[in-house]
$ cat coords_38.txt   # compact mmCIF, C-alpha atoms and all ligand atoms
# COMPACT_ATOMS: atom_id res chain seq x y z
CA MET A 6 90.22 -15.69 -12.22
CA GLN A 7 89.72 -14.25 -8.76
CA GLU A 8 90.28 -10.85 -10.23
CA LYS A 9 87.62 -11.37 -12.83
CA ILE A 10 85.19 -12.43 -10.15
CA ASN A 11 86.00 -9.40 -8.02
CA SER A 12 85.58 -6.93 -10.82
CA LEU A 13 82.28 -8.52 -11.86
CA ARG A 14 81.10 -8.32 -8.22
CA THR A 15 82.04 -4.63 -8.07
CA GLU A 16 80.37 -3.95 -11.41
CA ILE A 17 77.12 -5.65 -10.38
CA LYS A 18 77.03 -4.00 -6.95
CA GLU A 19 77.62 -0.56 -8.43
CA LYS A 20 74.76 -1.08 -10.86
CA LEU A 21 72.52 -2.34 -8.06
CA GLU A 22 73.22 0.76 -6.06
CA LYS A 23 71.85 2.92 -8.86
CA THR A 24 68.74 0.81 -9.33
CA LYS A 25 65.54 2.36 -7.96
CA THR A 26 62.66 0.47 -9.60
CA LEU A 27 61.56 -3.15 -9.90
CA LYS A 28 61.58 -2.77 -13.67
CA ASP A 29 65.27 -1.77 -13.74
CA LEU A 30 66.06 -4.56 -11.30
CA THR A 31 64.50 -7.15 -13.58
CA GLU A 32 66.51 -5.79 -16.50
CA LEU A 33 69.73 -6.15 -14.51
CA LYS A 34 68.76 -9.67 -13.53
CA ASN A 35 68.24 -10.52 -17.18
CA ILE A 36 71.69 -9.23 -18.03
CA TYR A 37 73.74 -10.78 -15.20
CA LEU A 38 71.88 -13.87 -14.07
CA SER A 39 70.64 -15.23 -17.39
CA LYS A 40 72.00 -18.39 -18.97
CA LYS A 41 74.07 -16.33 -21.40
CA GLY A 42 75.22 -13.84 -18.77
CA PRO A 43 78.78 -13.23 -17.46
CA ILE A 44 78.37 -15.51 -14.44
CA THR A 45 77.49 -18.51 -16.61
CA GLU A 46 80.37 -17.51 -18.83
CA LEU A 47 82.76 -17.58 -15.79
CA MET A 48 81.43 -20.99 -14.82
CA SER A 49 82.36 -22.34 -18.24
CA HIS A 50 86.04 -22.01 -17.27
CA MET A 51 85.49 -25.00 -15.00
CA ARG A 52 86.20 -27.19 -18.01
CA GLU A 53 89.82 -26.00 -18.21
CA LEU A 54 90.69 -26.98 -14.62
CA ASN A 55 91.91 -30.17 -12.96
CA ASP A 56 89.93 -31.90 -10.22
CA GLU A 57 91.61 -30.13 -7.32
CA GLU A 58 91.19 -26.72 -8.92
CA LYS A 59 87.60 -27.50 -9.90
CA LYS A 60 86.74 -28.09 -6.25
CA GLU A 61 88.31 -24.81 -5.17
CA PHE A 62 86.78 -22.87 -8.07
CA GLY A 63 83.33 -24.41 -7.50
CA LYS A 64 83.40 -23.25 -3.89
CA ILE A 65 84.42 -19.71 -4.82
CA MET A 66 81.76 -19.51 -7.55
CA ASN A 67 79.03 -20.79 -5.23
CA GLU A 68 79.83 -18.15 -2.65
CA PHE A 69 79.94 -15.53 -5.37
CA LYS A 70 76.57 -16.58 -6.79
CA THR A 71 74.95 -16.67 -3.35
CA ASP A 72 76.32 -13.21 -2.62
CA ILE A 73 74.97 -11.79 -5.88
CA ASN A 74 71.56 -13.50 -5.47
CA ASN A 75 71.27 -12.15 -1.93
CA SER A 76 72.08 -8.65 -3.15
CA PHE A 77 69.35 -8.88 -5.78
CA ASP A 78 66.82 -10.25 -3.26
CA SER A 79 67.49 -7.69 -0.60
CA LEU A 80 67.26 -4.82 -3.10
CA LYS A 81 63.98 -6.26 -4.38
CA ASN A 82 62.60 -6.28 -0.82
CA LYS A 83 63.78 -2.73 -0.21
CA ILE A 84 62.15 -1.41 -3.41
CA GLU A 85 58.87 -3.22 -2.64
CA GLU A 86 58.76 -1.84 0.88
CA TYR A 87 59.51 1.65 -0.39
CA GLU A 88 56.72 1.46 -2.99
CA LEU A 89 54.22 0.13 -0.47
CA ASN A 90 55.02 2.95 1.93
CA LYS A 91 54.66 5.48 -0.87
CA LYS A 92 51.22 4.03 -1.71
CA LEU A 93 50.08 4.02 1.94
CA GLU A 94 51.28 7.59 2.30
CA SER A 95 49.28 8.71 -0.73
CA GLU A 96 46.14 6.92 0.51
CA LYS A 97 46.39 8.16 4.07
CA ILE A 98 43.07 9.32 5.54
CA ASP A 99 43.18 12.41 7.62
CA ILE A 100 40.88 11.49 10.49
CA SER A 101 41.16 14.96 11.94
CA LEU A 102 39.01 16.34 9.08
CA PRO A 103 35.32 16.92 9.92
CA SER A 104 33.21 14.08 8.46
CA THR A 105 30.59 14.49 5.75
CA LYS A 106 27.15 14.14 7.31
CA ILE A 107 25.13 11.37 5.69
CA ASN A 108 21.38 11.71 5.98
CA VAL A 109 19.76 8.36 6.57
CA GLY A 110 16.15 8.00 5.45
CA ALA A 111 13.44 6.26 7.49
CA PRO A 112 9.98 4.93 6.63
CA ASN A 113 7.14 7.40 7.07
CA ILE A 114 5.50 6.97 10.49
CA LEU A 115 2.21 5.98 8.86
CA GLU A 116 3.98 3.22 7.00
CA LYS A 117 5.63 2.08 10.23
CA LEU A 118 2.30 1.97 12.03
CA ILE A 119 0.64 0.01 9.23
CA GLU A 120 3.51 -2.47 9.20
CA GLU A 121 3.19 -2.99 12.94
CA VAL A 122 -0.56 -3.61 12.58
CA GLU A 123 0.04 -6.01 9.67
CA GLU A 124 2.65 -8.00 11.56
CA THR A 125 0.40 -8.37 14.57
CA PHE A 126 -2.56 -9.56 12.51
CA ILE A 127 -0.40 -11.91 10.44
CA SER A 128 0.78 -13.46 13.71
CA MET A 129 -2.91 -14.14 14.50
CA GLY A 130 -3.42 -15.94 11.18
CA TYR A 131 -4.88 -13.07 9.13
CA ASP A 132 -4.22 -12.41 5.43
CA VAL A 133 -3.28 -8.91 4.34
CA VAL A 134 -5.33 -8.17 1.21
CA ASP A 135 -5.56 -5.33 -1.27
CA GLY A 136 -8.46 -3.69 -3.08
CA PRO A 137 -8.83 -1.05 -5.80
CA GLU A 138 -8.87 2.65 -4.92
CA ILE A 139 -11.07 3.32 -7.96
CA GLU A 140 -14.20 1.47 -6.91
CA GLU A 141 -17.74 0.78 -8.05
CA ASP A 142 -20.72 2.27 -6.21
CA LYS A 143 -21.97 -1.30 -5.91
CA TYR A 144 -19.06 -2.38 -3.65
CA ASN A 145 -18.46 0.92 -1.88
CA PHE A 146 -22.13 1.34 -0.88
CA GLU A 147 -24.85 -0.99 -2.26
CA MET A 148 -23.47 -4.31 -1.10
CA LEU A 149 -22.59 -2.78 2.28
CA ASN A 150 -26.28 -2.23 2.85
CA ILE A 151 -26.14 1.46 1.89
CA PRO A 152 -28.61 1.77 -1.05
CA LYS A 153 -28.89 4.86 -3.28
CA GLY A 154 -30.50 7.78 -1.44
CA HIS A 155 -29.47 6.47 2.01
CA PRO A 156 -28.54 9.40 4.27
CA ALA A 157 -25.35 7.63 5.39
CA ARG A 158 -23.93 8.44 1.96
CA ASP A 159 -23.82 12.14 2.81
CA ALA A 160 -21.00 11.70 5.30
CA GLN A 161 -19.07 9.70 2.72
CA ASP A 162 -19.32 12.04 -0.25
CA THR A 163 -16.40 11.27 -2.51
CA PHE A 164 -14.90 11.94 -5.96
CA TYR A 165 -16.72 10.46 -8.94
CA ILE A 166 -14.70 9.29 -11.91
CA GLU A 167 -17.47 8.30 -14.31
CA GLY A 168 -21.15 9.12 -13.84
CA GLU A 169 -22.53 7.89 -10.53
CA GLU A 170 -21.09 4.40 -10.63
CA ILE A 171 -17.29 4.73 -10.61
CA LEU A 172 -15.74 6.58 -7.69
CA LEU A 173 -12.71 6.85 -5.44
CA ARG A 174 -13.54 4.59 -2.50
CA SER A 175 -14.65 6.51 0.58
CA GLN A 176 -13.76 3.63 2.91
CA THR A 177 -11.87 0.32 2.78
CA SER A 178 -15.08 -1.57 3.65
CA PRO A 179 -15.76 -2.54 -0.03
CA VAL A 180 -12.77 -4.88 0.32
CA GLN A 181 -14.94 -6.87 2.77
CA VAL A 182 -17.40 -7.49 -0.06
CA ARG A 183 -14.70 -8.32 -2.59
CA THR A 184 -13.07 -10.79 -0.18
CA MET A 185 -16.39 -12.51 0.59
CA LEU A 186 -17.18 -12.83 -3.12
CA LYS A 187 -13.84 -14.58 -3.59
CA GLY A 188 -14.64 -16.89 -0.66
CA ASN A 189 -17.68 -18.25 -2.57
CA GLY A 190 -19.79 -18.57 0.54
CA ILE A 191 -17.77 -21.53 1.78
CA THR A 192 -14.34 -20.28 2.87
CA PRO A 193 -13.78 -18.84 6.37
CA ILE A 194 -12.18 -15.37 6.22
CA ARG A 195 -9.59 -13.60 8.36
CA MET A 196 -8.25 -10.54 6.63
CA ILE A 197 -7.10 -6.98 7.10
CA CYS A 198 -6.81 -4.44 4.33
CA PRO A 199 -4.81 -1.24 4.79
CA GLY A 200 -5.25 1.33 2.04
CA LYS A 201 -5.94 4.83 0.81
CA THR A 202 -9.46 6.26 0.99
CA TYR A 203 -10.92 9.52 -0.28
CA ARG A 204 -13.64 11.99 0.71
CA ARG A 205 -14.73 15.40 -0.47
CA ASP A 206 -13.42 17.10 2.65
CA ASP A 207 -11.54 20.38 2.81
CA ASP A 208 -8.08 19.75 4.21
CA ASP A 209 -7.48 21.05 7.72
CA ALA A 210 -5.78 19.88 10.91
CA THR A 211 -8.13 16.91 11.33
CA HIS A 212 -9.51 16.32 7.80
CA SER A 213 -7.95 15.33 4.51
CA HIS A 214 -9.37 14.56 1.07
CA GLN A 215 -7.17 11.46 1.16
CA PHE A 216 -6.39 9.36 4.21
CA MET A 217 -5.63 5.82 5.27
CA GLN A 218 -7.88 3.18 6.73
CA ILE A 219 -7.23 -0.34 7.93
CA GLU A 220 -10.22 -2.65 7.44
CA GLY A 221 -10.65 -5.98 9.16
CA LEU A 222 -13.04 -8.86 8.51
CA VAL A 223 -13.53 -12.28 10.07
CA VAL A 224 -16.22 -14.64 8.77
CA ASP A 225 -16.54 -18.05 10.40
CA LYS A 226 -18.94 -20.13 12.50
CA GLU A 227 -20.13 -18.73 15.86
CA ILE A 228 -18.20 -15.48 15.84
CA SER A 229 -19.23 -13.10 18.62
CA LEU A 230 -18.58 -9.62 19.95
CA SER A 231 -16.21 -11.07 22.52
CA ASP A 232 -14.00 -12.41 19.70
CA LEU A 233 -13.94 -8.88 18.31
CA LYS A 234 -13.12 -7.40 21.71
CA GLY A 235 -10.29 -9.88 22.34
CA THR A 236 -8.81 -9.22 18.92
CA LEU A 237 -8.90 -5.43 19.22
CA ASP A 238 -7.45 -5.69 22.73
CA VAL A 239 -4.39 -7.40 21.29
CA ILE A 240 -3.78 -4.82 18.58
CA PHE A 241 -4.27 -1.75 20.77
CA LYS A 242 -2.06 -3.16 23.52
CA LYS A 243 0.57 -3.73 20.83
CA LEU A 244 0.27 -0.17 19.49
CA PHE A 245 -0.18 1.77 22.72
CA GLY A 246 1.33 -0.41 25.44
CA GLU A 247 0.32 -3.35 27.62
CA SER A 248 -1.67 -1.27 30.11
CA THR A 249 -4.08 -0.09 27.38
CA GLU A 250 -7.69 -1.14 27.89
CA THR A 251 -10.42 -1.36 25.25
CA ARG A 252 -14.13 -0.69 25.63
CA PHE A 253 -17.10 -0.62 23.27
CA HIS A 254 -19.91 1.89 23.17
CA PRO A 255 -22.99 1.45 20.99
CA SER A 256 -22.99 3.02 17.55
CA TYR A 257 -24.57 2.63 14.14
CA TYR A 258 -23.16 1.44 10.83
CA GLN A 259 -25.25 0.08 7.98
CA PHE A 260 -23.09 -2.98 7.41
CA THR A 261 -22.86 -4.17 11.02
CA GLU A 262 -25.51 -5.09 13.56
CA PRO A 263 -24.94 -4.52 16.42
CA SER A 264 -22.43 -1.74 15.75
CA VAL A 265 -19.96 -0.30 18.20
CA GLU A 266 -17.33 2.33 18.47
CA VAL A 267 -14.08 1.26 20.07
CA ASP A 268 -12.44 3.36 22.77
CA ILE A 269 -9.04 2.84 24.31
CA THR A 270 -7.73 4.28 27.56
CA CYS A 271 -5.96 7.55 26.87
CA HIS A 272 -2.28 6.70 26.46
CA LYS A 273 -1.29 10.18 27.71
CA CYS A 274 -3.02 10.19 31.10
CA LYS A 275 -3.58 6.42 31.36
CA GLY A 276 -7.30 6.94 31.82
CA LYS A 277 -7.13 9.67 34.50
CA GLY A 278 -8.39 12.44 32.21
CA CYS A 279 -6.40 15.10 30.37
CA ASN A 280 -6.76 17.63 27.55
CA ILE A 281 -6.19 14.97 24.87
CA CYS A 282 -9.10 12.78 25.97
CA LYS A 283 -11.23 15.78 26.98
CA ASN A 284 -11.04 14.58 30.57
CA SER A 285 -12.92 11.36 29.86
CA GLY A 286 -9.89 9.07 30.07
CA TRP A 287 -10.92 7.39 26.79
CA ILE A 288 -10.30 8.03 23.08
CA THR A 289 -12.39 6.62 20.22
CA VAL A 290 -10.17 4.88 17.68
CA ALA A 291 -12.32 2.57 15.53
CA GLY A 292 -15.74 1.54 14.26
CA ALA A 293 -16.71 -2.12 14.40
CA GLY A 294 -19.51 -4.61 14.80
CA ILE A 295 -21.03 -7.95 13.88
CA VAL A 296 -21.41 -8.30 10.10
CA HIS A 297 -25.02 -7.50 9.09
CA PRO A 298 -26.94 -10.56 7.77
CA ASN A 299 -27.86 -8.60 4.61
CA VAL A 300 -24.19 -8.02 3.85
CA LEU A 301 -23.35 -11.69 4.34
CA ARG A 302 -26.28 -12.72 2.17
CA MET A 303 -25.53 -10.26 -0.66
CA SER A 304 -21.95 -11.58 -0.81
CA GLY A 305 -23.00 -15.22 -0.89
CA TYR A 306 -22.58 -16.26 2.76
CA ASP A 307 -25.67 -17.80 4.41
CA PRO A 308 -26.27 -15.80 7.64
CA LYS A 309 -27.89 -18.85 9.23
CA VAL A 310 -24.57 -20.68 8.95
CA TRP A 311 -21.96 -17.93 9.00
CA THR A 312 -21.26 -15.06 11.38
CA GLY A 313 -18.54 -12.48 11.38
CA PHE A 314 -17.10 -9.31 12.79
CA ALA A 315 -15.66 -6.30 11.01
CA PHE A 316 -13.72 -3.23 12.07
CA GLY A 317 -12.20 -0.14 10.53
CA PHE A 318 -9.42 2.10 11.89
CA GLY A 319 -8.32 5.46 10.60
CA ALA A 320 -4.61 4.78 10.30
CA ASP A 321 -3.80 8.51 10.29
CA ARG A 322 -5.81 9.01 13.48
CA LEU A 323 -3.92 6.18 15.17
CA ALA A 324 -0.59 7.65 14.06
CA MET A 325 -1.65 11.05 15.38
CA GLU A 326 -2.47 9.50 18.76
CA LYS A 327 0.64 7.38 18.89
CA TYR A 328 3.07 10.14 17.90
CA ASP A 329 1.19 13.00 19.48
CA ILE A 330 0.62 14.86 16.20
CA HIS A 331 -1.87 17.69 16.30
CA ASP A 332 -2.09 18.42 12.59
CA LEU A 333 -2.89 15.58 10.19
CA ARG A 334 -1.15 17.42 7.35
CA ALA A 335 2.23 16.93 9.05
CA ILE A 336 2.11 13.24 8.09
CA TYR A 337 1.75 14.02 4.39
CA ASN A 338 3.98 17.09 4.17
CA THR A 339 7.57 16.43 3.25
CA ASP A 340 9.00 18.81 5.80
CA LEU A 341 11.92 16.82 7.18
CA ARG A 342 12.28 19.04 10.26
CA GLU A 343 8.82 17.94 11.32
CA LEU A 344 9.05 14.30 10.19
CA LYS A 345 12.32 13.85 12.08
CA THR A 346 10.68 14.81 15.36
CA PHE A 347 8.41 11.75 14.98
CA ASP A 348 11.44 9.49 14.55
CA ARG A 349 12.86 10.95 17.72
CA LYS A 350 9.61 10.29 19.57
CA GLU A 351 9.63 6.71 18.32
CA ALA A 352 13.16 6.24 19.65
CA GLU A 353 12.22 7.51 23.15
N1 LIG A 401 -16.01 2.19 7.01
C1 LIG A 401 -16.33 2.91 8.23
C2 LIG A 401 -16.02 4.38 8.01
O1 LIG A 401 -15.27 4.72 7.13
C3 LIG A 401 -15.54 2.38 9.39
C4 LIG A 401 -16.03 1.04 9.81
C5 LIG A 401 -17.02 0.92 10.79
C6 LIG A 401 -15.54 -0.10 9.25
C7 LIG A 401 -17.50 -0.29 11.19
C8 LIG A 401 -16.03 -1.35 9.64
C9 LIG A 401 -17.02 -1.42 10.63
O2 LIG A 401 -15.58 -2.49 9.10
O3 LIG A 401 -17.47 -2.62 11.01
O4 LIG A 401 -16.54 5.21 8.73

$ encode --input "coords_38.txt" --output "C-alpha cells" --more "lines below"
Ligand code: DAH
Amino acid sequence: MQEKINSLRTEIKEKLEKTKTLKDLTELKNIYLSKKGPITELMSHMRELNDEEKKEFGKIMNEFKTDINNSFDSLKNKIEEYELNKKLESEKIDISLPSTKINVGAPNILEKLIEEVEETFISMGYDVVDGPEIEEDKYNFEMLNIPKGHPARDAQDTFYIEGEEILLRSQTSPVQVRTMLKGNGITPIRMICPGKTYRRDDDDATHSHQFMQIEGLVVDKEISLSDLKGTLDVIFKKLFGESTETRFHPSYYQFTEPSVEVDITCHKCKGKGCNICKNSGWITVAGAGIVHPNVLRMSGYDPKVWTGFAFGFGADRLAMEKYDIHDLRAIYNTDLRELKTFDRKEAE
C-alpha cells in the first residue's frame, strides 16, 4: 500500500512540475482530486483493514492528502504571481518618455469679464436679463426718447434687416424698455443685460461692427445719482482694484436726464497721469444717468411715483483697459498666441 501511495505521489509531483498554466492545473486537479480519482480509490481500501490498521492507514492517507493539496495550492500561487508580473511588465509606463502636451482651453477674456460683472451685480440683488439682437426701431430708438430724424441716430447707424423698422440693435438700452414693459408699471426693477450690439463702423483698432455692451437699469422709489455712484463704485473697484475711484462728468443722452459719463482713476498710473489716460489720471468707461421721465412714462411707469438710474458699459473697452489690449480686434481673432498672453496677464 505504501508503495502505491509513493508512486502516486511521484506521479502527481512530476505532472505538477510540468504544469505552467492555471487551466492545466485545474485539469490535473479534476483527474487526481475528484471523487472518482486515484486518491479516493486508495481510500476505499480502508474497508479491507482491521481497526488497528485503519488507524495507521488513515494517518498515512491524511498526511498524503495534505501534502498533495499543499503542492497544488503552492503551484497555483506561483502561477498566479507569475501571470500578474507578466501583466504588470506589459503595462509598464516608461516615465522617462517625454509627455504629450495637452492644450487646456480657457474662456475668452471678454466672457470672463462679463461673468465677473454678472456675479457682482447678482450679489447686489440684480437680475441678469436677455434681449433680442434683432430689434425694432421702436425699442432701439423711439421709446428711448430718440424719435425719427433725431440727430443722435447718426452716431448709432446700424444694419437694417427689413425696411426701416427691423434692425440689429445699436445698443443694449432697448432691453431697458422691454424690462419696464414686463414690469407693468408696478414692479421695481434691478437688472443688467450683457449682449452683442452692432453699428455700421469700419473695423479698426478701436471700432468694430459688432461689440459688447452691458446695460444696467434700476427703477424704484427715490432713486438718486448717489445710488448710481455707489453702485458703479462697487463694480469698478471689483474690476480694477480697491484703490479705484469713480467720478462723474456731465454728458448728454436722450434717455437720461441728467446724464453723466463715468470716469475711473487710471489703473496704470493710479491717477498720476500716463500715456494711457493722456496724462489726466482718469479714463472714461461708461455712460449713465437718471432715467428720463419720458422714457418711464412711455414704458408705463409714472414718473411722479417712480425714479431710476441707468448705465451702459462697453464690455470690450473694459476688457481692453483691464488686460491692456491696444487693438480691439485681438479679442475677436482666434490667434491663440495673442489670446494666451491675456491669460498670462490675468494670472499675474
Ligand atoms: N446706450 C448708450 C450708448 O450705446 C450707452 C448708455 C448711456 C447707456 C447712458 C445707458 C445710459 O443706459 O444711461 O452709447

$ closest_residue --input "coords_38.txt" --among "A:Thr211, A:Asn145, A:Ser95, A:Ser231" --to "ligand LIG 401 (chain A)" --atoms "only C-alpha atoms and all ligand atoms"
A:Asn145

$ residues_near_ligand --input "coords_38.txt" --ligand "ligand LIG 401 (chain A)" --cutoff "6 Å" --atoms "all atoms listed in the file" --output "ChimeraX atom specification"
/A:176,178,220,258,261,292-294,315-317

$ closest_residue --input "coords_38.txt" --among "A:Val296, A:Ile84, A:Met185, A:Met66" --to "Lys25 of chain A" --atoms "all atoms listed in the file"
A:Ile84

$ closest_residue --input "coords_38.txt" --among "A:Gly42, A:Gly190, A:Asp268, A:Leu344" --to "Gly110 of chain A" --atoms "all atoms listed in the file"
A:Leu344

$ closest_residue --input "coords_38.txt" --among "A:Asn150, A:Lys234, A:Asn284, A:Leu333" --to "Arg302 of chain A" --atoms "only C-alpha atoms"
A:Asn150

$ atom_distance --input "coords_38.txt" --atom1 "atom CA of Ala291 of chain A" --atom2 "atom CA of His155 of chain A"
22.2 Å

$ residues_near_point --input "coords_38.txt" --point "(-27.3, -12.4, 11.3)" --cutoff "12 Å" --atoms "all atoms listed in the file" --output "number ranges by chain"
A: 224, 226-229, 260-263, 294-302, 306-314

$ write_last_selection --input "coords_38.txt" --atoms "C-alpha atoms" --output "short mmCIF file (atom, residue, chain, number, x, y, z; two decimals), in the coordinates of the input"
data_model
loop_
_atom_site.label_atom_id
_atom_site.label_comp_id
_atom_site.auth_asym_id
_atom_site.auth_seq_id
_atom_site.Cartn_x
_atom_site.Cartn_y
_atom_site.Cartn_z
CA VAL A 224 -16.22 -14.64 8.77
CA LYS A 226 -18.94 -20.13 12.50
CA GLU A 227 -20.13 -18.73 15.86
CA ILE A 228 -18.20 -15.48 15.84
CA SER A 229 -19.23 -13.10 18.62
CA PHE A 260 -23.09 -2.98 7.41
CA THR A 261 -22.86 -4.17 11.02
CA GLU A 262 -25.51 -5.09 13.56
CA PRO A 263 -24.94 -4.52 16.42
CA GLY A 294 -19.51 -4.61 14.80
CA ILE A 295 -21.03 -7.95 13.88
CA VAL A 296 -21.41 -8.30 10.10
CA HIS A 297 -25.02 -7.50 9.09
CA PRO A 298 -26.94 -10.56 7.77
CA ASN A 299 -27.86 -8.60 4.61
CA VAL A 300 -24.19 -8.02 3.85
CA LEU A 301 -23.35 -11.69 4.34
CA ARG A 302 -26.28 -12.72 2.17
CA TYR A 306 -22.58 -16.26 2.76
CA ASP A 307 -25.67 -17.80 4.41
CA PRO A 308 -26.27 -15.80 7.64
CA LYS A 309 -27.89 -18.85 9.23
CA VAL A 310 -24.57 -20.68 8.95
CA TRP A 311 -21.96 -17.93 9.00
CA THR A 312 -21.26 -15.06 11.38
CA GLY A 313 -18.54 -12.48 11.38
CA PHE A 314 -17.10 -9.31 12.79
#

$ residues_around --input "coords_38.txt" --residues "Arg183 of chain A" --least-positions-apart "3" --cutoff "8 Å" --atoms "only C-alpha atoms" --output "ChimeraX atom specification"
/A:136,144,179-180,186-187

$ closest_residue --input "coords_38.txt" --among "A:Ser128, A:Asn108, A:Gly63, A:Thr184" --to "Gly305 of chain A" --atoms "only C-alpha atoms"
A:Thr184

$ closest_residue --input "coords_38.txt" --among "A:Ile10, A:Glu121, A:Ser49, A:Glu22" --to "Glu68 of chain A" --atoms "only C-alpha atoms"
A:Ile10

$ closest_atom_pairs --input "coords_38.txt" --of "segment 57-148 of chain A" --to "segment 240-244 of chain A" --cutoff "12 Å" --atoms "all atoms listed in the file" --output "JSON lines"
{"residue": "A:Lys117", "atom": "CA", "partner": "A:Leu244", "partner_atom": "CA", "distance": 10.9}
{"residue": "A:Leu118", "atom": "CA", "partner": "A:Leu244", "partner_atom": "CA", "distance": 8.0}
{"residue": "A:Ile119", "atom": "CA", "partner": "A:Leu244", "partner_atom": "CA", "distance": 10.3}
{"residue": "A:Glu120", "atom": "CA", "partner": "A:Leu244", "partner_atom": "CA", "distance": 11.0}
{"residue": "A:Glu121", "atom": "CA", "partner": "A:Leu244", "partner_atom": "CA", "distance": 7.7}
{"residue": "A:Val122", "atom": "CA", "partner": "A:Ile240", "partner_atom": "CA", "distance": 6.9}
{"residue": "A:Glu123", "atom": "CA", "partner": "A:Ile240", "partner_atom": "CA", "distance": 9.8}
{"residue": "A:Glu124", "atom": "CA", "partner": "A:Ile240", "partner_atom": "CA", "distance": 10.0}
{"residue": "A:Thr125", "atom": "CA", "partner": "A:Ile240", "partner_atom": "CA", "distance": 6.8}
{"residue": "A:Phe126", "atom": "CA", "partner": "A:Ile240", "partner_atom": "CA", "distance": 7.8}
{"residue": "A:Ile127", "atom": "CA", "partner": "A:Ile240", "partner_atom": "CA", "distance": 11.3}
{"residue": "A:Ser128", "atom": "CA", "partner": "A:Ile240", "partner_atom": "CA", "distance": 10.9}
{"residue": "A:Met129", "atom": "CA", "partner": "A:Ile240", "partner_atom": "CA", "distance": 10.2}

$ atom_distance --input "coords_38.txt" --atom1 "atom CA of Glu32 of chain A" --atom2 "atom CA of Leu47 of chain A"
20.1 Å

$ atom_distance --input "coords_38.txt" --atom1 "atom CA of Cys198 of chain A" --atom2 "atom CA of Tyr131 of chain A"
10.1 Å

$ residues_around --input "coords_38.txt" --residues "Ile151 of chain A" --least-positions-apart "5" --cutoff "8 Å" --atoms "all atoms listed in the file" --output "list in words"
Phe146, Ala157, Arg158, Gln259 and Phe260 of chain A

$ residues_around --input "coords_38.txt" --residues "Cys271 of chain A" --least-positions-apart "4" --cutoff "10 Å" --atoms "only C-alpha atoms" --output "list in words"
Phe245, Thr249, Glu250, Lys275, Gly276, Lys277, Gly278, Cys279, Ile281, Cys282, Lys283, Asn284, Ser285, Gly286, Trp287, Ile288, Thr289 and Glu326 of chain A
